[in-house]
Amino acid sequence: MSVTPIPDIDALKARIKATWTGGDFGVIAHQIEKSNQEVVDSLGIRPGLKVLDIACGTGNSAIPLARQGAEVIGVDIAPNLLEQARTRAREAGVEIRFEEGDVEQLAFPDASFDLLISIFGAMFAPRPELAVSEMKRVVRPGGRIVMANWTASGFLARSFKLNMKYAPPPPGMAPPLLWGDPAVVRERFREGFSKVEITPRSAVFRYPYGVRETVENQITYSPPTLRTFQSLDAEGQSAFRREMEELYAAGNEASDGTVLLTSEFLQVVATRT
């Protein structure tokens, strides 16, 4: 297996962890909760199914999976998000094991799970070859890997690109949006899989206030956006905020003073041989 070479990968992993422990992703995650539910509902979950949710965040997928009877373990690099997930699971009355971990080095034996799911999570692993290898390793033959990945043409992609304009990614890191390209997805799941199903879907983001307040919400709570903003001097922050407001205004589909955005993603279901 050829692995993307990244100088000082340990420093990069520390940077990624620091990013996702900043802000409050729980506020942002609420906006995509419906999309998580729709993906889970499409999977035909049966009671007793052993499921691993990687980059589980605050439990948007793990909780509905557990409600449908699955035995779920959630893994994430950010301990603060795991604490929120545990609290939400208790409030929902479901038992889920949450633990800190890295998609590129999963601490589980081979063929441990019937299903592995990652909604808008594993696509951000810096070395996709390792991520795919680990996901494949822990899923039993005949089991499924399910991902949801933002496409390069959606609103979220334009937002990511703006972030990268002001805070370029480290050298060698694979662009996360490649996971939104069907041809790339099929190539990454080419070996060891009998079937790869790809379904375009759309996520809807609704904010009960105007563009300026929506951008302030993102700068305050979205971990990558906050990280970018904090890395800039005063002039850079002003320019970044201005371009964000222009971006959100251009993408806004509402006409009542609120903000409504849609962003395409791919639902991927890869079946192990």
# chains A, B, ... in the order shown; residues from 1 in each chain; ligands from 1
call {"tool": "residues_around", "arguments": {"residues": "range 210-218 of chain A", "least_positions_apart": "3", "cutoff": "7 Å", "atoms": "only C-alpha atoms", "output": "list in words"}}
result
Tyr207, Tyr221, Ser222, Thr225, Met244, Glu245, Tyr248, Ala249, Gly257, Thr258 and Val259 of chain A
call {"tool": "write_last_selection", "arguments": {"atoms": "C-alpha atoms", "output": "PDB file, in the first residue's frame"}}
result
ATOM      1  CA  TYR A 207     -30.275  29.792  10.399  1.00  0.00           C
ATOM      2  CA  TYR A 221     -18.502  27.692  16.957  1.00  0.00           C
ATOM      3  CA  SER A 222     -17.154  25.945  13.835  1.00  0.00           C
ATOM      4  CA  THR A 225     -13.419  28.327  10.822  1.00  0.00           C
ATOM      5  CA  MET A 244     -17.414  34.734   4.333  1.00  0.00           C
ATOM      6  CA  GLU A 245     -20.335  37.169   4.321  1.00  0.00           C
ATOM      7  CA  TYR A 248     -23.055  33.122   2.526  1.00  0.00           C
ATOM      8  CA  ALA A 249     -25.023  35.900   0.825  1.00  0.00           C
ATOM      9  CA  GLY A 257     -34.080  37.772   6.262  1.00  0.00           C
ATOM     10  CA  THR A 258     -32.926  34.328   7.420  1.00  0.00           C
ATOM     11  CA  VAL A 259     -30.315  32.034   5.859  1.00  0.00           C
TER      12      VAL A 259
END
call {"tool": "closest_atom_pairs", "arguments": {"of": "range 14-59 of chain A", "to": "range 116-129 of chain A", "cutoff": "10 Å", "atoms": "only C-alpha atoms", "output": "CSV"}}
result
residue,atom,partner,partner_atom,distance
A:Ile16,CA,A:Ala125,CA,9.2
A:Ile32,CA,A:Phe120,CA,9.5
A:Ser35,CA,A:Ile119,CA,8.8
A:Asn36,CA,A:Ile119,CA,6.8
A:Val39,CA,A:Ile119,CA,8.5
A:Val40,CA,A:Ile117,CA,9.0
A:Lys50,CA,A:Leu116,CA,8.6
A:Val51,CA,A:Leu116,CA,5.6
A:Leu52,CA,A:Leu116,CA,4.7
A:Asp53,CA,A:Ile117,CA,4.9
A:Ile54,CA,A:Ser118,CA,5.3
A:Ala55,CA,A:Gly121,CA,4.9
A:Cys56,CA,A:Ser118,CA,6.9
A:Gly57,CA,A:Gly121,CA,8.1
call {"tool": "closest_residue", "arguments": {"among": "A:Val269, A:Leu82, A:Leu260, A:Val204", "to": "Gly142 in chain A", "atoms": "only C-alpha atoms"}}
result
A:Val269
call {"tool": "atom_distance", "arguments": {"atom1": "CA of Thr151 in chain A", "atom2": "CA of Phe265 in chain A"}}
result
5.2 Å
call {"tool": "closest_residue", "arguments": {"among": "A:Gln84, A:Asn163, A:Ser202, A:Thr273", "to": "Phe240 in chain A", "atoms": "only C-alpha atoms"}}
result
A:Asn163
call {"tool": "residues_around", "arguments": {"residues": "Val72 in chain A", "least_positions_apart": "3", "cutoff": "12 Å", "atoms": "only C-alpha atoms", "output": "CSV table (one decimal) with C-alpha atoms, in the first residue's frame"}}
result
chain,number,residue,atom,x,y,z
A,45,ILE,CA,-30.3,-1.5,10.7
A,47,PRO,CA,-31.1,-5.3,16.4
A,48,GLY,CA,-27.7,-6.6,17.5
A,49,LEU,CA,-25.8,-5.3,14.5
A,50,LYS,CA,-22.2,-4.4,15.6
A,51,VAL,CA,-21.4,-0.9,14.4
A,52,LEU,CA,-18.3,1.4,14.6
A,53,ASP,CA,-19.0,5.1,14.2
A,54,ILE,CA,-15.6,6.8,13.4
A,56,CYS,CA,-18.5,10.2,15.6
A,59,GLY,CA,-23.2,11.3,18.4
A,61,SER,CA,-25.2,8.9,13.9
A,62,ALA,CA,-24.4,6.8,16.9
A,63,ILE,CA,-27.6,7.7,18.8
A,64,PRO,CA,-30.1,6.9,16.0
A,65,LEU,CA,-28.1,3.7,15.3
A,66,ALA,CA,-28.5,2.6,19.0
A,67,ARG,CA,-32.2,3.6,19.0
A,68,GLN,CA,-32.7,1.1,16.1
A,69,GLY,CA,-31.1,-1.7,18.2
A,75,VAL,CA,-14.6,6.9,18.1
A,89,ALA,CA,-26.7,9.3,24.7
A,94,VAL,CA,-29.3,4.5,24.9
A,95,GLU,CA,-26.1,2.7,25.7
A,96,ILE,CA,-23.1,3.6,23.5
A,97,ARG,CA,-19.4,3.2,24.2
A,98,PHE,CA,-17.5,6.3,23.2
A,99,GLU,CA,-13.7,6.4,23.2
A,112,SER,CA,-14.9,-6.8,14.6
A,113,PHE,CA,-17.9,-5.0,13.1
A,114,ASP,CA,-20.8,-5.7,10.8
A,115,LEU,CA,-21.0,-2.0,9.8
A,116,LEU,CA,-18.6,1.0,9.9
A,117,ILE,CA,-20.1,4.4,9.4
call {"tool": "select_by_dssp", "arguments": {"residues": "range 82-195 of chain A", "states": "strand (DSSP E or B)", "output": "ChimeraX atom specification"}}
result
/A:97-100,102,105,113-119,139-150,193-195
call {"tool": "write_last_selection", "arguments": {"atoms": "C-alpha atoms", "output": "JSON list (two decimals), in the first residue's frame"}}
result
[["chain", "number", "residue", "atom", "x", "y", "z"],
["A", 97, "ARG", "CA", -19.42, 3.18, 24.18],
["A", 98, "PHE", "CA", -17.48, 6.29, 23.21],
["A", 99, "GLU", "CA", -13.69, 6.40, 23.18],
["A", 100, "GLU", "CA", -10.88, 8.51, 21.84],
["A", 102, "ASP", "CA", -7.83, 7.81, 15.24],
["A", 105, "GLN", "CA", -4.98, 3.57, 13.64],
["A", 113, "PHE", "CA", -17.87, -5.02, 13.07],
["A", 114, "ASP", "CA", -20.80, -5.67, 10.75],
["A", 115, "LEU", "CA", -20.97, -2.02, 9.78],
["A", 116, "LEU", "CA", -18.63, 0.97, 9.93],
["A", 117, "ILE", "CA", -20.09, 4.43, 9.44],
["A", 118, "SER", "CA", -18.51, 7.86, 9.12],
["A", 119, "ILE", "CA", -20.67, 10.87, 8.31],
["A", 139, "VAL", "CA", -15.16, -4.78, 9.08],
["A", 140, "ARG", "CA", -16.04, -8.45, 8.63],
["A", 141, "PRO", "CA", -16.34, -10.03, 5.16],
["A", 142, "GLY", "CA", -19.79, -9.19, 3.83],
["A", 143, "GLY", "CA", -20.00, -6.14, 6.12],
["A", 144, "ARG", "CA", -20.42, -2.57, 4.96],
["A", 145, "ILE", "CA", -18.51, 0.69, 5.16],
["A", 146, "VAL", "CA", -20.81, 3.72, 4.94],
["A", 147, "MET", "CA", -19.57, 7.26, 4.41],
["A", 148, "ALA", "CA", -21.12, 10.64, 3.74],
["A", 149, "ASN", "CA", -18.71, 13.01, 1.97],
["A", 150, "TRP", "CA", -19.15, 16.60, 0.83],
["A", 193, "PHE", "CA", -14.93, -4.85, -1.96],
["A", 194, "SER", "CA", -17.64, -6.58, -3.96],
["A", 195, "LYS", "CA", -19.89, -3.56, -4.46]]
call {"tool": "select_by_dssp", "arguments": {"residues": "range 181-227 of chain A", "states": "alpha helix (DSSP H)", "output": "ChimeraX atom specification"}}
result
/A:182-188,211-221,223-227
call {"tool": "write_last_selection", "arguments": {"atoms": "C-alpha atoms", "output": "PDB file, in the first residue's frame"}}
result
ATOM      1  CA  PRO A 182     -17.330   9.175  -7.336  1.00  0.00           C
ATOM      2  CA  ALA A 183     -14.363   8.067  -9.451  1.00  0.00           C
ATOM      3  CA  VAL A 184     -11.947   8.591  -6.544  1.00  0.00           C
ATOM      4  CA  VAL A 185     -14.285   6.793  -4.147  1.00  0.00           C
ATOM      5  CA  ARG A 186     -14.543   3.766  -6.450  1.00  0.00           C
ATOM      6  CA  GLU A 187     -10.778   3.636  -6.874  1.00  0.00           C
ATOM      7  CA  ARG A 188     -10.170   3.815  -3.107  1.00  0.00           C
ATOM      8  CA  VAL A 211     -25.977  36.557   6.897  1.00  0.00           C
ATOM      9  CA  ARG A 212     -23.852  38.618   9.286  1.00  0.00           C
ATOM     10  CA  GLU A 213     -25.134  36.722  12.348  1.00  0.00           C
ATOM     11  CA  THR A 214     -24.722  33.390  10.554  1.00  0.00           C
ATOM     12  CA  VAL A 215     -21.090  34.153   9.762  1.00  0.00           C
ATOM     13  CA  GLU A 216     -20.503  35.195  13.374  1.00  0.00           C
ATOM     14  CA  ASN A 217     -22.021  31.860  14.440  1.00  0.00           C
ATOM     15  CA  GLN A 218     -19.547  29.993  12.230  1.00  0.00           C
ATOM     16  CA  ILE A 219     -16.538  31.978  13.432  1.00  0.00           C
ATOM     17  CA  THR A 220     -17.554  31.381  17.048  1.00  0.00           C
ATOM     18  CA  TYR A 221     -18.502  27.692  16.957  1.00  0.00           C
ATOM     19  CA  PRO A 223     -13.752  24.493  14.823  1.00  0.00           C
ATOM     20  CA  PRO A 224     -11.994  24.847  11.413  1.00  0.00           C
ATOM     21  CA  THR A 225     -13.419  28.327  10.822  1.00  0.00           C
ATOM     22  CA  LEU A 226     -12.461  29.501  14.301  1.00  0.00           C
ATOM     23  CA  ARG A 227      -8.964  28.056  13.835  1.00  0.00           C
TER      24      ARG A 227
END
call {"tool": "closest_atom_pairs", "arguments": {"of": "range 141-241 of chain A", "to": "range 12-15 of chain A", "cutoff": "10 Å", "atoms": "only C-alpha atoms", "output": "tab-separated table"}}
result
residue	atom	partner	partner_atom	distance
A:Pro169	CA	A:Leu12	CA	9.7
A:Pro170	CA	A:Leu12	CA	7.7
A:Met173	CA	A:Leu12	CA	9.4
A:Arg227	CA	A:Arg15	CA	9.9
call {"tool": "write_last_selection", "arguments": {"atoms": "N, CA and C atoms", "output": "short mmCIF file (atom, residue, chain, number, x, y, z; two decimals), in the first residue's frame"}}
result
data_model
loop_
_atom_site.label_atom_id
_atom_site.label_comp_id
_atom_site.auth_asym_id
_atom_site.auth_seq_id
_atom_site.Cartn_x
_atom_site.Cartn_y
_atom_site.Cartn_z
N PRO A 169 -3.53 24.14 3.82
CA PRO A 169 -3.27 22.87 4.51
C PRO A 169 -1.79 22.49 4.44
N PRO A 170 -1.33 21.60 5.30
CA PRO A 170 0.08 21.19 5.28
C PRO A 170 0.44 20.48 3.98
N MET A 173 -0.91 16.67 2.43
CA MET A 173 -2.22 16.23 2.91
C MET A 173 -3.20 16.11 1.75
N ARG A 227 -10.43 28.24 13.93
CA ARG A 227 -8.96 28.06 13.83
C ARG A 227 -8.37 28.99 12.78
#
call {"tool": "atom_distance", "arguments": {"atom1": "CA of Lys34 in chain A", "atom2": "CA of Ser263 in chain A"}}
result
13.2 Å
call {"tool": "atom_distance", "arguments": {"atom1": "CA of Gly44 in chain A", "atom2": "CA of Ala70 in chain A"}}
result
10.7 Å
call {"tool": "closest_residue", "arguments": {"among": "A:Pro109, A:Pro7, A:Gly236, A:Pro175", "to": "Ala152 in chain A", "atoms": "only C-alpha atoms"}}
result
A:Pro175
call {"tool": "residues_around", "arguments": {"residues": "Thr87 in chain A", "least_positions_apart": "6", "cutoff": "10 Å", "atoms": "only C-alpha atoms", "output": "ChimeraX atom specification"}}
result
/A:58-59,81,93
call {"tool": "write_last_selection", "arguments": {"atoms": "N, CA and C atoms", "output": "PDB file, in the first residue's frame"}}
result
ATOM      1  N   THR A  58     -20.449  14.411  18.122  1.00  0.00           N
ATOM      2  CA  THR A  58     -21.317  14.468  19.299  1.00  0.00           C
ATOM      3  C   THR A  58     -22.427  13.421  19.272  1.00  0.00           C
ATOM      4  N   GLY A  59     -22.318  12.436  18.380  1.00  0.00           N
ATOM      5  CA  GLY A  59     -23.249  11.307  18.399  1.00  0.00           C
ATOM      6  C   GLY A  59     -24.410  11.379  17.431  1.00  0.00           C
ATOM      7  N   LEU A  81     -15.837  16.519  22.338  1.00  0.00           N
ATOM      8  CA  LEU A  81     -16.987  16.061  21.558  1.00  0.00           C
ATOM      9  C   LEU A  81     -17.506  14.731  22.091  1.00  0.00           C
ATOM     10  N   GLY A  93     -31.365   7.860  26.424  1.00  0.00           N
ATOM     11  CA  GLY A  93     -31.668   6.561  27.014  1.00  0.00           C
ATOM     12  C   GLY A  93     -31.089   5.384  26.266  1.00  0.00           C
TER      13      GLY A  93
END
call {"tool": "closest_residue", "arguments": {"among": "A:Asp76, A:Asp41, A:Glu264, A:Asp8", "to": "Gly180 in chain A", "atoms": "only C-alpha atoms"}}
result
A:Glu264
call {"tool": "decode", "arguments": {"residues": "range 78-184 of chain A", "atoms": "C-alpha atoms", "output": "compact mmCIF listing (two decimals), in the first residue's frame"}}
result
# COMPACT_ATOMS: atom_id res chain seq x y z
CA ALA A 78 -11.71 15.21 20.24
CA PRO A 79 -12.42 14.36 23.91
CA ASN A 80 -14.76 17.33 24.36
CA LEU A 81 -16.99 16.06 21.56
CA LEU A 82 -17.02 12.60 23.12
CA GLU A 83 -18.21 14.10 26.40
CA GLN A 84 -21.06 15.80 24.59
CA ALA A 85 -21.87 12.50 22.86
CA ARG A 86 -21.99 10.64 26.19
CA THR A 87 -24.32 13.25 27.64
CA ARG A 88 -26.61 13.12 24.62
CA ALA A 89 -26.67 9.30 24.70
CA ARG A 90 -27.66 9.31 28.38
CA GLU A 91 -30.41 11.81 27.68
CA ALA A 92 -31.63 9.65 24.78
CA GLY A 93 -31.67 6.56 27.01
CA VAL A 94 -29.30 4.50 24.87
CA GLU A 95 -26.07 2.69 25.73
CA ILE A 96 -23.12 3.58 23.50
CA ARG A 97 -19.42 3.18 24.18
CA PHE A 98 -17.48 6.29 23.21
CA GLU A 99 -13.69 6.40 23.18
CA GLU A 100 -10.88 8.51 21.84
CA GLY A 101 -9.23 7.17 18.71
CA ASP A 102 -7.83 7.81 15.24
CA VAL A 103 -9.32 6.46 12.00
CA GLU A 104 -5.81 5.85 10.68
CA GLN A 105 -4.98 3.57 13.64
CA LEU A 106 -8.10 1.89 15.00
CA ALA A 107 -7.71 -0.03 18.27
CA PHE A 108 -9.94 -2.96 17.33
CA PRO A 109 -9.24 -6.52 16.12
CA ASP A 110 -9.76 -7.54 12.50
CA ALA A 111 -13.35 -8.20 11.38
CA SER A 112 -14.87 -6.80 14.60
CA PHE A 113 -17.87 -5.02 13.07
CA ASP A 114 -20.80 -5.67 10.75
CA LEU A 115 -20.97 -2.02 9.78
CA LEU A 116 -18.63 0.97 9.93
CA ILE A 117 -20.09 4.43 9.44
CA SER A 118 -18.51 7.86 9.12
CA ILE A 119 -20.67 10.87 8.31
CA PHE A 120 -18.59 13.88 7.23
CA GLY A 121 -15.72 12.53 9.33
CA ALA A 122 -13.22 10.05 7.84
CA MET A 123 -13.04 12.20 4.70
CA PHE A 124 -10.82 14.58 6.71
CA ALA A 125 -8.19 11.95 7.60
CA PRO A 126 -4.91 13.27 6.18
CA ARG A 127 -3.86 9.91 4.68
CA PRO A 128 -6.88 8.32 2.94
CA GLU A 129 -4.97 5.16 2.08
CA LEU A 130 -4.46 4.39 5.77
CA ALA A 131 -8.04 5.34 6.58
CA VAL A 132 -9.42 2.94 3.96
CA SER A 133 -7.03 0.18 5.04
CA GLU A 134 -8.10 0.49 8.67
CA MET A 135 -11.81 0.74 7.87
CA LYS A 136 -11.57 -2.36 5.71
CA ARG A 137 -9.56 -4.26 8.32
CA VAL A 138 -12.08 -3.89 11.16
CA VAL A 139 -15.16 -4.78 9.08
CA ARG A 140 -16.04 -8.45 8.63
CA PRO A 141 -16.34 -10.03 5.16
CA GLY A 142 -19.79 -9.19 3.83
CA GLY A 143 -20.00 -6.14 6.12
CA ARG A 144 -20.42 -2.57 4.96
CA ILE A 145 -18.51 0.69 5.16
CA VAL A 146 -20.81 3.72 4.94
CA MET A 147 -19.57 7.26 4.41
CA ALA A 148 -21.12 10.64 3.74
CA ASN A 149 -18.71 13.01 1.97
CA TRP A 150 -19.15 16.60 0.83
CA THR A 151 -18.79 17.07 -2.93
CA ALA A 152 -16.54 19.66 -4.55
CA SER A 153 -19.50 21.51 -6.08
CA GLY A 154 -21.56 22.11 -2.93
CA PHE A 155 -21.71 25.11 -0.61
CA LEU A 156 -19.58 23.42 2.06
CA ALA A 157 -16.84 22.92 -0.52
CA ARG A 158 -16.79 26.64 -1.28
CA SER A 159 -16.57 27.32 2.45
CA PHE A 160 -13.67 24.86 2.84
CA LYS A 161 -11.85 26.45 -0.07
CA LEU A 162 -12.19 29.88 1.53
CA ASN A 163 -10.72 28.51 4.76
CA MET A 164 -7.82 27.02 2.82
CA LYS A 165 -7.19 30.32 1.05
CA TYR A 166 -6.49 31.96 4.42
CA ALA A 167 -4.99 28.89 6.14
CA PRO A 168 -3.38 26.57 3.56
CA PRO A 169 -3.27 22.87 4.51
CA PRO A 170 0.08 21.19 5.28
CA PRO A 171 2.14 19.86 2.36
CA GLY A 172 1.20 16.34 1.28
CA MET A 173 -2.22 16.23 2.91
CA ALA A 174 -4.79 14.74 0.53
CA PRO A 175 -7.64 17.18 -0.26
CA PRO A 176 -10.70 16.00 1.73
CA LEU A 177 -13.05 16.96 -1.11
CA LEU A 178 -11.60 14.18 -3.29
CA TRP A 179 -13.88 11.93 -1.20
CA GLY A 180 -16.78 13.68 -2.94
CA ASP A 181 -15.63 12.49 -6.38
CA PRO A 182 -17.33 9.18 -7.34
CA ALA A 183 -14.36 8.07 -9.45
CA VAL A 184 -11.95 8.59 -6.54
